[in-house]
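Colleague: Structure: structure.pdb, PDB, C-alpha atoms and all ligand atoms.
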ATOM      1  CA  MET A   1      13.047  21.766 -14.884
ATOM      2  CA  THR A   2      11.562  24.792 -13.089
ATOM      3  CA  ALA A   3      10.657  24.986  -9.377
ATOM      4  CA  GLY A   4       8.555  21.974  -8.421
ATOM      5  CA  ASP A   5       8.698  20.846 -12.045
ATOM      6  CA  THR A   6       7.937  17.168 -12.504
ATOM      7  CA  GLY A   7       8.668  17.255 -16.213
ATOM      8  CA  GLY A   8       5.159  16.491 -17.535
ATOM      9  CA  GLY A   9       4.590  13.606 -15.154
ATOM     10  CA  SER A  10       2.959  13.576 -11.731
ATOM     11  CA  PHE A  11       4.872  12.790  -8.572
ATOM     12  CA  ILE A  12       2.969  11.551  -5.504
ATOM     13  CA  THR A  13       4.738  10.519  -2.315
ATOM     14  CA  PHE A  14       3.397   8.536   0.646
ATOM     15  CA  GLU A  15       4.723   9.274   4.113
ATOM     16  CA  GLY A  16       3.994   8.323   7.707
ATOM     17  CA  GLY A  17       5.153   6.133  10.554
ATOM     18  CA  GLU A  18       5.864   2.416  10.603
ATOM     19  CA  GLY A  19       2.990   0.170   9.532
ATOM     20  CA  ALA A  20       0.710   3.089   8.644
ATOM     21  CA  GLY A  21      -0.332   1.272   5.458
ATOM     22  CA  LYS A  22       1.686   3.090   2.787
ATOM     23  CA  SER A  23       2.593   0.002   0.751
ATOM     24  CA  THR A  24      -1.005  -1.248   0.887
ATOM     25  CA  GLN A  25      -2.403   2.072  -0.279
ATOM     26  CA  ILE A  26       0.204   2.607  -2.998
ATOM     27  CA  ARG A  27      -0.811  -0.692  -4.567
ATOM     28  CA  ARG A  28      -4.479   0.301  -4.433
ATOM     29  CA  LEU A  29      -3.979   3.827  -5.763
ATOM     30  CA  ALA A  30      -1.758   2.538  -8.560
ATOM     31  CA  ALA A  31      -4.524   0.175  -9.728
ATOM     32  CA  HIS A  32      -7.077   2.985  -9.564
ATOM     33  CA  LEU A  33      -4.897   5.429 -11.496
ATOM     34  CA  ARG A  34      -4.017   2.852 -14.143
ATOM     35  CA  ALA A  35      -7.725   2.352 -14.754
ATOM     36  CA  GLN A  36      -8.750   6.008 -14.569
ATOM     37  CA  SER A  37      -5.903   8.119 -15.929
ATOM     38  CA  GLY A  38      -4.867   6.237 -19.040
ATOM     39  CA  ARG A  39      -1.264   6.973 -18.104
ATOM     40  CA  PRO A  40       1.507   4.590 -17.028
ATOM     41  CA  VAL A  41       1.973   4.405 -13.260
ATOM     42  CA  LEU A  42       5.328   3.603 -11.669
ATOM     43  CA  THR A  43       5.415   2.463  -8.038
ATOM     44  CA  THR A  44       8.677   2.658  -6.164
ATOM     45  CA  ARG A  45      10.078   3.085  -2.651
ATOM     46  CA  GLU A  46      12.799   4.648  -0.550
ATOM     47  CA  PRO A  47      15.344   3.810   0.520
ATOM     48  CA  GLY A  48      15.739   1.797  -2.663
ATOM     49  CA  GLY A  49      13.881   1.726  -5.953
ATOM     50  CA  SER A  50      17.002   1.441  -8.131
ATOM     51  CA  ALA A  51      19.725  -1.221  -8.019
ATOM     52  CA  LYS A  52      22.368   0.918  -6.309
ATOM     53  CA  ALA A  53      19.840   2.409  -3.897
ATOM     54  CA  GLU A  54      18.578  -1.064  -2.926
ATOM     55  CA  ALA A  55      22.156  -1.997  -1.985
ATOM     56  CA  ILE A  56      22.361   1.067   0.263
ATOM     57  CA  ARG A  57      18.933   0.142   1.744
ATOM     58  CA  GLU A  58      20.398  -3.094   3.039
ATOM     59  CA  ALA A  59      23.150  -1.221   4.941
ATOM     60  CA  LEU A  60      20.637   1.232   6.389
ATOM     61  CA  LEU A  61      17.860  -1.118   7.495
ATOM     62  CA  SER A  62      20.124  -3.878   8.802
ATOM     63  CA  GLY A  63      21.569  -1.341  11.228
ATOM     64  CA  THR A  64      25.089  -1.580   9.765
ATOM     65  CA  ALA A  65      25.192   2.192   9.201
ATOM     66  CA  LYS A  66      23.742   3.084  12.628
ATOM     67  CA  ARG A  67      27.148   3.076  14.328
ATOM     68  CA  TYR A  68      28.270   6.001  12.163
ATOM     69  CA  GLY A  69      25.506   8.237  13.535
ATOM     70  CA  PRO A  70      22.432  10.006  12.146
ATOM     71  CA  PHE A  71      24.346  12.359   9.847
ATOM     72  CA  ALA A  72      26.087   9.470   8.107
ATOM     73  CA  GLU A  73      22.707   7.759   7.805
ATOM     74  CA  ALA A  74      21.228  10.928   6.292
ATOM     75  CA  LEU A  75      24.073  10.988   3.767
ATOM     76  CA  LEU A  76      23.411   7.373   2.860
ATOM     77  CA  PHE A  77      19.678   7.996   2.425
ATOM     78  CA  SER A  78      20.685  10.934   0.215
ATOM     79  CA  ALA A  79      23.129   8.883  -1.844
ATOM     80  CA  ALA A  80      20.395   6.305  -2.438
ATOM     81  CA  ARG A  81      17.946   9.083  -3.354
ATOM     82  CA  ILE A  82      20.321  10.597  -5.931
ATOM     83  CA  ASP A  83      20.592   7.297  -7.796
ATOM     84  CA  HIS A  84      16.847   6.658  -7.481
ATOM     85  CA  LEU A  85      16.045  10.106  -8.896
ATOM     86  CA  ASP A  86      18.578   9.916 -11.705
ATOM     87  CA  THR A  87      17.877   6.408 -12.908
ATOM     88  CA  LEU A  88      14.171   5.909 -12.199
ATOM     89  CA  ILE A  89      12.063   8.844 -10.988
ATOM     90  CA  ARG A  90      13.167  11.686 -13.289
ATOM     91  CA  PRO A  91      13.149   9.552 -16.466
ATOM     92  CA  ALA A  92       9.617   8.321 -15.651
ATOM     93  CA  LEU A  93       8.366  11.850 -14.959
ATOM     94  CA  ALA A  94       9.963  13.081 -18.186
ATOM     95  CA  ARG A  95       7.984  10.382 -20.056
ATOM     96  CA  GLY A  96       4.800  11.816 -18.525
ATOM     97  CA  GLU A  97       4.218   8.939 -16.133
ATOM     98  CA  ILE A  98       2.624   9.002 -12.697
ATOM     99  CA  VAL A  99       5.198   8.099 -10.043
ATOM    100  CA  LEU A 100       3.997   6.829  -6.644
ATOM    101  CA  CYS A 101       6.844   6.690  -4.155
ATOM    102  CA  ASP A 102       6.744   5.012  -0.725
ATOM    103  CA  ARG A 103       8.660   7.592   1.374
ATOM    104  CA  PHE A 104      10.827  10.458   0.103
ATOM    105  CA  THR A 105      12.418  13.591   1.578
ATOM    106  CA  ASP A 106       9.870  14.051   4.371
ATOM    107  CA  SER A 107      11.083  10.769   5.883
ATOM    108  CA  THR A 108      14.600  12.197   6.125
ATOM    109  CA  ARG A 109      13.227  15.358   7.721
ATOM    110  CA  ALA A 110      11.195  13.322  10.232
ATOM    111  CA  TYR A 111      13.442  10.313  10.982
ATOM    112  CA  GLN A 112      16.913  11.855  10.815
ATOM    113  CA  GLY A 113      15.783  15.395  11.700
ATOM    114  CA  ALA A 114      12.947  15.658  14.184
ATOM    115  CA  ALA A 115      13.303  12.183  15.692
ATOM    116  CA  GLY A 116      17.042  11.669  15.087
ATOM    117  CA  GLY A 117      18.194  15.089  16.274
ATOM    118  CA  LEU A 118      19.889  16.464  13.147
ATOM    119  CA  ASP A 119      19.764  20.216  12.500
ATOM    120  CA  PRO A 120      16.800  20.937  10.168
ATOM    121  CA  ALA A 121      18.808  23.673   8.398
ATOM    122  CA  VAL A 122      21.546  21.183   7.514
ATOM    123  CA  LEU A 123      18.964  18.708   6.249
ATOM    124  CA  ALA A 124      17.239  21.431   4.210
ATOM    125  CA  SER A 125      20.542  22.243   2.477
ATOM    126  CA  LEU A 126      21.184  18.569   1.829
ATOM    127  CA  GLU A 127      17.665  18.120   0.467
ATOM    128  CA  GLN A 128      18.091  21.034  -1.936
ATOM    129  CA  VAL A 129      21.348  19.587  -3.268
ATOM    130  CA  VAL A 130      19.888  16.093  -3.630
ATOM    131  CA  VAL A 131      16.436  16.704  -5.123
ATOM    132  CA  GLY A 132      16.815  20.132  -6.732
ATOM    133  CA  GLN A 133      13.541  20.950  -8.490
ATOM    134  CA  THR A 134      12.104  17.434  -8.365
ATOM    135  CA  ARG A 135       9.512  17.978  -5.645
ATOM    136  CA  PRO A 136       6.311  15.979  -5.138
ATOM    137  CA  ASP A 137       3.086  17.391  -6.578
ATOM    138  CA  LEU A 138       1.249  15.767  -3.690
ATOM    139  CA  THR A 139       2.327  14.104  -0.457
ATOM    140  CA  LEU A 140      -0.138  11.847   1.356
ATOM    141  CA  ILE A 141       0.727  11.605   5.035
ATOM    142  CA  LEU A 142      -0.818   8.476   6.515
ATOM    143  CA  ASP A 143      -1.346   9.299  10.152
ATOM    144  CA  CYS A 144      -2.137   6.956  13.026
ATOM    145  CA  ASP A 145      -1.124   6.283  16.604
ATOM    146  CA  PRO A 146       2.401   4.787  16.408
ATOM    147  CA  GLU A 147       1.368   1.926  18.693
ATOM    148  CA  LEU A 148      -1.237   0.893  16.110
ATOM    149  CA  GLY A 149       1.256   1.069  13.233
ATOM    150  CA  LEU A 150       3.907  -0.882  15.143
ATOM    151  CA  ALA A 151       1.299  -3.508  16.113
ATOM    152  CA  ARG A 152       0.412  -3.930  12.432
ATOM    153  CA  ALA A 153       4.092  -4.333  11.543
ATOM    154  CA  ARG A 154       4.531  -6.900  14.341
ATOM    155  CA  ALA A 155       1.449  -8.829  13.202
ATOM    156  CA  ARG A 156       2.859  -8.973   9.694
ATOM    157  CA  GLN A 157       6.160 -10.285  11.075
ATOM    158  CA  ALA A 158       4.349 -12.880  13.222
ATOM    159  CA  ALA A 159       2.521 -14.065  10.109
ATOM    160  CA  GLY A 160       5.925 -14.626   8.500
ATOM    161  CA  ALA A 161       5.359 -12.054   5.776
ATOM    162  CA  ASP A 162       8.326 -10.010   6.968
ATOM    163  CA  GLU A 163      11.598 -10.358   8.856
ATOM    164  CA  GLY A 164      12.011  -9.044  12.424
ATOM    165  CA  PRO A 165      11.942  -5.342  13.297
ATOM    166  CA  ASP A 166      14.388  -3.263  11.245
ATOM    167  CA  ARG A 167      16.736  -0.511  12.427
ATOM    168  CA  PHE A 168      13.961   2.081  12.839
ATOM    169  CA  GLU A 169      11.052  -0.135  13.914
ATOM    170  CA  ALA A 170      13.239  -1.166  16.862
ATOM    171  CA  GLU A 171      13.443   2.415  18.187
ATOM    172  CA  ALA A 172      11.576   3.304  21.409
ATOM    173  CA  LEU A 173       7.967   4.472  21.325
ATOM    174  CA  ALA A 174       9.033   8.061  22.128
ATOM    175  CA  PHE A 175      10.993   8.115  18.846
ATOM    176  CA  HIS A 176       7.857   7.085  16.958
ATOM    177  CA  ALA A 177       5.788   9.710  18.767
ATOM    178  CA  ARG A 178       8.296  12.388  17.636
ATOM    179  CA  LEU A 179       8.002  11.045  14.100
ATOM    180  CA  ARG A 180       4.241  11.386  14.111
ATOM    181  CA  ALA A 181       4.477  14.986  15.366
ATOM    182  CA  ALA A 182       7.124  15.743  12.723
ATOM    183  CA  PHE A 183       4.982  14.497   9.831
ATOM    184  CA  LEU A 184       1.993  16.491  11.091
ATOM    185  CA  ALA A 185       4.185  19.598  11.376
ATOM    186  CA  ILE A 186       5.392  19.153   7.790
ATOM    187  CA  ALA A 187       1.766  18.913   6.645
ATOM    188  CA  ALA A 188       0.878  22.067   8.570
ATOM    189  CA  ASP A 189       3.859  23.935   7.074
ATOM    190  CA  GLU A 190       3.127  22.879   3.488
ATOM    191  CA  PRO A 191      -0.650  22.471   3.154
ATOM    192  CA  ALA A 192      -0.615  23.001  -0.622
ATOM    193  CA  ARG A 193       1.609  19.944  -1.106
ATOM    194  CA  CYS A 194       0.537  17.719   1.779
ATOM    195  CA  ALA A 195      -2.693  16.045   2.853
ATOM    196  CA  VAL A 196      -3.123  14.112   6.093
ATOM    197  CA  VAL A 197      -5.161  10.904   5.864
ATOM    198  CA  ASN A 198      -6.500   9.029   8.898
ATOM    199  CA  ALA A 199      -4.659   5.712   8.579
ATOM    200  CA  ALA A 200      -6.318   4.160  11.641
ATOM    201  CA  LEU A 201      -9.445   3.466   9.589
ATOM    202  CA  PRO A 202     -10.010   0.156   7.781
ATOM    203  CA  ALA A 203      -8.009  -0.129   4.552
ATOM    204  CA  ASP A 204     -11.066   0.430   2.317
ATOM    205  CA  ALA A 205     -11.912   3.680   4.091
ATOM    206  CA  VAL A 206      -8.299   4.883   3.841
ATOM    207  CA  GLU A 207      -8.345   4.040   0.145
ATOM    208  CA  ALA A 208     -11.551   6.053  -0.397
ATOM    209  CA  ALA A 209     -10.079   9.046   1.445
ATOM    210  CA  ILE A 210      -6.921   8.896  -0.664
ATOM    211  CA  ARG A 211      -8.899   8.706  -3.897
ATOM    212  CA  ALA A 212     -10.882  11.767  -2.857
ATOM    213  CA  VAL A 213      -7.732  13.763  -2.074
ATOM    214  CA  VAL A 214      -6.058  12.809  -5.348
ATOM    215  CA  ALA A 215      -9.168  13.667  -7.379
ATOM    216  CA  ASP A 216      -9.393  17.028  -5.626
ATOM    217  CA  ARG A 217      -5.699  17.991  -5.785
ATOM    218  CA  LEU A 218      -4.739  16.493  -9.149
ATOM    219  CA  PRO A 219      -7.846  16.589 -11.367
ATOM    220  CA  ARG A 220      -5.645  16.400 -14.469
ATOM    221  CA  LEU A 221      -5.150  12.702 -13.691
ATOM    222  CA  PHE A 222      -8.833  12.028 -14.336
ATOM    223  CA  PRO A 223      -9.663  12.977 -17.920
ATOM    224  CA  ASN A 224     -13.111  11.326 -17.589
ATOM    225  CA  ALA A 225     -13.850  12.919 -14.208
ATOM    226  CA  SER A 226     -17.542  13.514 -14.939
ATOM    227  CA  GLU A 227     -17.959   9.723 -15.017
ATOM    228  CA  THR A 228     -16.744   9.265 -11.447
ATOM    229  CA  VAL A 229     -18.415  10.305  -8.224
ATOM    230  CA  GLY A 230     -16.560   9.989  -4.890
ATOM    231  CA  GLY A 231     -13.942   7.767  -6.450
ATOM    232  CA  HIS A 232     -16.507   5.242  -7.758
ATOM    233  CA  ALA A 233     -17.989   4.868 -11.203
ATOM    234  CA  ALA A 234     -21.286   6.741 -11.346
TER     235      ALA A 234
HETATM  236  N1  LIG B 301      13.729   6.003   6.465
HETATM  237  C1  LIG B 301      13.383   6.074   5.142
HETATM  238  C2  LIG B 301      14.490   7.002   7.049
HETATM  239  O1  LIG B 301      14.837   6.910   8.241
HETATM  240  N2  LIG B 301      14.862   8.096   6.309
HETATM  241  C3  LIG B 301      14.540   8.211   4.977
HETATM  242  O2  LIG B 301      14.910   9.205   4.338
HETATM  243  C4  LIG B 301      13.771   7.157   4.374
HETATM  244  C5  LIG B 301      13.384   7.264   2.927
HETATM  245  C6  LIG B 301      12.091   2.050   5.586
HETATM  246  C7  LIG B 301      12.675   2.636   6.846
HETATM  247  O3  LIG B 301      13.612   3.649   6.507
HETATM  248  C8  LIG B 301      13.335   4.810   7.248
HETATM  249  C9  LIG B 301      11.876   4.736   7.548
HETATM  250  C10 LIG B 301      11.617   3.270   7.718
HETATM  251  O4  LIG B 301      11.865   2.907   9.058
HETATM  252  P1  LIG B 301      10.479   0.019   5.212
HETATM  253  O5  LIG B 301      10.697  -1.437   5.442
HETATM  254  O6  LIG B 301      10.350   0.477   3.805
HETATM  255  O7  LIG B 301      11.627   0.802   5.939
HETATM  256  O8  LIG B 301       9.298   0.416   6.168
HETATM  257  P2  LIG B 301       8.080   1.344   6.069
HETATM  258  O9  LIG B 301       8.212   2.354   4.978
HETATM  259  O10 LIG B 301       7.802   1.864   7.425
HETATM  260  O11 LIG B 301       6.952   0.357   5.590
HETATM  261  P3  LIG B 301       6.128  -0.703   6.346
HETATM  262  O12 LIG B 301       6.001  -1.834   5.380
HETATM  263  O13 LIG B 301       6.623  -1.009   7.710
HETATM  264  O14 LIG B 301       4.754  -0.001   6.550
HETATM  265  P4  LIG B 301       3.679   0.505   5.537
HETATM  266  O15 LIG B 301       4.089   0.337   4.128
HETATM  267  O16 LIG B 301       3.254   1.831   5.981
HETATM  268  O17 LIG B 301       2.466  -0.508   5.862
HETATM  269  P5  LIG B 301       1.886  -1.750   5.040
HETATM  270  O18 LIG B 301       0.999  -1.289   3.978
HETATM  271  O19 LIG B 301       2.999  -2.678   4.698
HETATM  272  O20 LIG B 301       0.960  -2.373   6.170
HETATM  273  C11 LIG B 301       1.502  -2.964   7.338
HETATM  274  C12 LIG B 301       0.557  -4.113   7.775
HETATM  275  O21 LIG B 301      -0.676  -3.556   8.187
HETATM  276  C13 LIG B 301      -1.740  -4.027   7.353
HETATM  277  C14 LIG B 301      -1.092  -4.614   6.115
HETATM  278  O22 LIG B 301      -1.854  -5.658   5.553
HETATM  279  C15 LIG B 301       0.254  -5.101   6.645
HETATM  280  O23 LIG B 301       0.129  -6.382   7.190
HETATM  281  N3  LIG B 301      -2.590  -2.875   7.076
HETATM  282  C16 LIG B 301      -3.737  -2.601   7.743
HETATM  283  N4  LIG B 301      -4.369  -3.251   8.738
HETATM  284  C17 LIG B 301      -5.515  -2.678   9.188
HETATM  285  N5  LIG B 301      -6.034  -1.510   8.717
HETATM  286  C18 LIG B 301      -5.429  -0.845   7.733
HETATM  287  N6  LIG B 301      -5.930   0.317   7.299
HETATM  288  C19 LIG B 301      -4.210  -1.385   7.209
HETATM  289  N7  LIG B 301      -3.335  -0.968   6.256
HETATM  290  C20 LIG B 301      -2.350  -1.878   6.196
END
Let me see whether you can do it: turn the structure in this file into structure tokens.
Modeller:
Amino acid sequence: MTAGDTGGGSFITFEGGEGAGKSTQIRRLAAHLRAQSGRPVLTTREPGGSAKAEAIREALLSGTAKRYGPFAEALLFSAARIDHLDTLIRPALARGEIVLCDRFTDSTRAYQGAAGGLDPAVLASLEQVVVGQTRPDLTLILDCDPELGLARARARQAAGADEGPDRFEAEALAFHARLRAAFLAIAADEPARCAVVNAALPADAVEAAIRAVVADRLPRLFPNASETVGGHAA
């Protein structure tokens, strides 16, 4: 693969703080792309996505790995990512599929780097070793006030749809404010790859904004583009 080569497929990542709505919007975009692109769409997540990576996810989100410090956590996220890339993401991209991934390298930069205090240069080296040329074609950064995102996550837990707060949700609000600033800084540094979406809006409005960004940035995914206007059938 060459620089940024996704092997014939298309690689879209979703990033942002807790409860921003990534999982909700991945489901919606996947349905839209299945209908519009005529190509298979794989949805996956990090940490996890493959069997070995899901086992590492448990150690990370339960807090078991926290005692070893942020660098050890970064290494574990990386170990999970290597298996996820090798066994799921790269094979799907090589088959020409569209891969939608809930969190990827920007989460390591933001959570372990900007908010966790690790040296960005060390994380950049680690990222290069782990992902190599497999870089997202597009990264959608779902941005909202962290208090709103955390309130959504708490409401979901209160409704019984989720367990209690995980290792990172339990961090102080200042940590989540640093995260938000970190994701916005990544978007500012890499505007060709990243797009910021206002995630405070109702889910339908967020979905429409995401469709518009994807249509604009990745028109190759819409072979019948003249039949769609603003993400809706004309
Ligand atoms: N992490 C991850 C690292 O530290 N480093 C790394 O390298 C990586 C890859 C993963 C954790 O690991 C950390 C980051 C995370 O802390 P997770 O359980 O996968 O943990 O958590 P999140 O990725 O944060 O996912 P969440 O499920 O918490 O949030 P989502 O997916 O952003 O939000 P979603 O869609 O589940 O929505 C949350 C609730 O809000 C509602 C939904 O119905 C749901 O109830 N909702 C809305 N309500 C109103 N308006 C909208 N627009 C809404 N959108 C969704």
Colleague: Using all atoms listed in the file, what are the residues with an atom within 8 Å of ligand LIG 301 (chain B), set out as a ChimeraX atom specification?
Modeller: /A:15-25,45-47,57,60-61,73-74,77-78,81,102-112,142,149-150,152-153,155-156,161,166-169,199-206
Colleague: Output C-alpha atoms of each residue in that selection to a file, as a short mmCIF file (atom, residue, chain, number, x, y, z; two decimals), in the frame of the given file.
Modeller:
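Heads up, here's the output in out_22.cif:
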data_model
loop_
_atom_site.label_atom_id
_atom_site.label_comp_id
_atom_site.auth_asym_id
_atom_site.auth_seq_id
_atom_site.Cartn_x
_atom_site.Cartn_y
_atom_site.Cartn_z
CA GLU A 15 4.72 9.27 4.11
CA GLY A 16 3.99 8.32 7.71
CA GLY A 17 5.15 6.13 10.55
CA GLU A 18 5.86 2.42 10.60
CA GLY A 19 2.99 0.17 9.53
CA ALA A 20 0.71 3.09 8.64
CA GLY A 21 -0.33 1.27 5.46
CA LYS A 22 1.69 3.09 2.79
CA SER A 23 2.59 0.00 0.75
CA THR A 24 -1.00 -1.25 0.89
CA GLN A 25 -2.40 2.07 -0.28
CA ARG A 45 10.08 3.08 -2.65
CA GLU A 46 12.80 4.65 -0.55
CA PRO A 47 15.34 3.81 0.52
CA ARG A 57 18.93 0.14 1.74
CA LEU A 60 20.64 1.23 6.39
CA LEU A 61 17.86 -1.12 7.50
CA GLU A 73 22.71 7.76 7.80
CA ALA A 74 21.23 10.93 6.29
CA PHE A 77 19.68 8.00 2.42
CA SER A 78 20.68 10.93 0.22
CA ARG A 81 17.95 9.08 -3.35
CA ASP A 102 6.74 5.01 -0.72
CA ARG A 103 8.66 7.59 1.37
CA PHE A 104 10.83 10.46 0.10
CA THR A 105 12.42 13.59 1.58
CA ASP A 106 9.87 14.05 4.37
CA SER A 107 11.08 10.77 5.88
CA THR A 108 14.60 12.20 6.12
CA ARG A 109 13.23 15.36 7.72
CA ALA A 110 11.20 13.32 10.23
CA TYR A 111 13.44 10.31 10.98
CA GLN A 112 16.91 11.86 10.82
CA LEU A 142 -0.82 8.48 6.52
CA GLY A 149 1.26 1.07 13.23
CA LEU A 150 3.91 -0.88 15.14
CA ARG A 152 0.41 -3.93 12.43
CA ALA A 153 4.09 -4.33 11.54
CA ALA A 155 1.45 -8.83 13.20
CA ARG A 156 2.86 -8.97 9.69
CA ALA A 161 5.36 -12.05 5.78
CA ASP A 166 14.39 -3.26 11.24
CA ARG A 167 16.74 -0.51 12.43
CA PHE A 168 13.96 2.08 12.84
CA GLU A 169 11.05 -0.14 13.91
CA ALA A 199 -4.66 5.71 8.58
CA ALA A 200 -6.32 4.16 11.64
CA LEU A 201 -9.44 3.47 9.59
CA PRO A 202 -10.01 0.16 7.78
CA ALA A 203 -8.01 -0.13 4.55
CA ASP A 204 -11.07 0.43 2.32
CA ALA A 205 -11.91 3.68 4.09
CA VAL A 206 -8.30 4.88 3.84
#
Colleague: Quick one: pull the distance between CA of Arg34 in chain A and CA of Cys101 in chain A, Å, one decimal.
Modeller: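 Distance reported for this atom pair: 15.2 Å.
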Colleague: Just so the selection is clear, what residues does the PyMOL selection byres (((chain A and resi 194) around 12) and not hetatm) cover here, as a PyMOL selection string?
Modeller: chain A and resi 12-16+106+135-142+183-193+195-197+210+213-214+217
Colleague: I'd like to see the residues matched by the PyMOL selection byres (((chain A and resi 43) around 7) and not hetatm) on this file, and ideally I'd get them as a PyMOL selection string.
Modeller: chain A and resi 41-42+44+99-101
Colleague: I need the chosen residues saved as a PDB file, in the coordinates of the input, with C-alpha atoms.
Modeller:
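Resulting contents of part09.pdb:
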ATOM      1  CA  VAL A  41       1.973   4.405 -13.260  1.00  0.00           C
ATOM      2  CA  LEU A  42       5.328   3.603 -11.669  1.00  0.00           C
ATOM      3  CA  THR A  44       8.677   2.658  -6.164  1.00  0.00           C
ATOM      4  CA  VAL A  99       5.198   8.099 -10.043  1.00  0.00           C
ATOM      5  CA  LEU A 100       3.997   6.829  -6.644  1.00  0.00           C
ATOM      6  CA  CYS A 101       6.844   6.690  -4.155  1.00  0.00           C
TER       7      CYS A 101
END
Colleague: Of the residues A:Glu54, A:Glu171, A:Glu207, A:Asp216, which is the one nearest to Ala31 in chain A, using all atoms listed in the file?
Modeller: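 Comparing A:Glu54, A:Glu171, A:Glu207, A:Asp216 against Ala31 in chain A, the winner is A:Glu207.
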Colleague: Give me the residues within 10 Å of Ala177 in chain A as a PDB file with C-alpha atoms, in the coordinates of the input, counting all atoms listed in the file and dropping any in the same chain fewer than 3 places off.
Modeller:
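The resulting selection31.pdb:
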ATOM      1  CA  GLY A  17       5.153   6.133  10.554  1.00  0.00           C
ATOM      2  CA  ALA A 115      13.303  12.183  15.692  1.00  0.00           C
ATOM      3  CA  ASP A 145      -1.124   6.283  16.604  1.00  0.00           C
ATOM      4  CA  PRO A 146       2.401   4.787  16.408  1.00  0.00           C
ATOM      5  CA  GLU A 147       1.368   1.926  18.693  1.00  0.00           C
ATOM      6  CA  ALA A 172      11.576   3.304  21.409  1.00  0.00           C
ATOM      7  CA  LEU A 173       7.967   4.472  21.325  1.00  0.00           C
ATOM      8  CA  ALA A 174       9.033   8.061  22.128  1.00  0.00           C
ATOM      9  CA  ARG A 180       4.241  11.386  14.111  1.00  0.00           C
ATOM     10  CA  ALA A 181       4.477  14.986  15.366  1.00  0.00           C
ATOM     11  CA  ALA A 182       7.124  15.743  12.723  1.00  0.00           C
TER      12      ALA A 182
END
Colleague: Which is closest to Thr134 in chain A among A:Leu179, A:Gly7, A:Asp162, A:Ala80, if we use only C-alpha atoms?
Modeller: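 Once distances to Thr134 in chain A are computed over only C-alpha atoms, the minimum belongs to A:Gly7.
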Colleague: Mind giving me the straight-line distance from CA of Gln133 in chain A to CA of Arg90 in chain A in Å, one decimal?
Modeller: 10.4 Å
Colleague: For Leu85 in chain A, which of A:Val130, A:Ala114, A:Ala121, A:Ala225 is the closest residue, counting all atoms listed in the file?
Modeller: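 Of A:Val130, A:Ala114, A:Ala121, A:Ala225, the one nearest Leu85 in chain A is A:Val130, counting all atoms listed in the file.
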Colleague: What's the separation between CA of Leu118 in chain A and CA of Thr6 in chain A, in Å to one decimal place?
Modeller: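 Here the two named atoms are 28.3 Å from each other.
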Colleague: If you apply the PyMOL selection byres (((chain A and resi 36) around 8) and not hetatm) to this file, what residues do you get, as an mmCIF file with C-alpha atoms, keeping the file's coordinate frame?
Modeller:
data_model
loop_
_atom_site.group_PDB
_atom_site.id
_atom_site.type_symbol
_atom_site.label_atom_id
_atom_site.label_comp_id
_atom_site.auth_asym_id
_atom_site.auth_seq_id
_atom_site.Cartn_x
_atom_site.Cartn_y
_atom_site.Cartn_z
ATOM 1 C CA HIS A 32 -7.077 2.985 -9.564
ATOM 2 C CA LEU A 33 -4.897 5.429 -11.496
ATOM 3 C CA ARG A 34 -4.017 2.852 -14.143
ATOM 4 C CA ALA A 35 -7.725 2.352 -14.754
ATOM 5 C CA SER A 37 -5.903 8.119 -15.929
ATOM 6 C CA GLY A 38 -4.867 6.237 -19.040
ATOM 7 C CA LEU A 221 -5.150 12.702 -13.691
ATOM 8 C CA PHE A 222 -8.833 12.028 -14.336
ATOM 9 C CA PRO A 223 -9.663 12.977 -17.920
ATOM 10 C CA ASN A 224 -13.111 11.326 -17.589
#
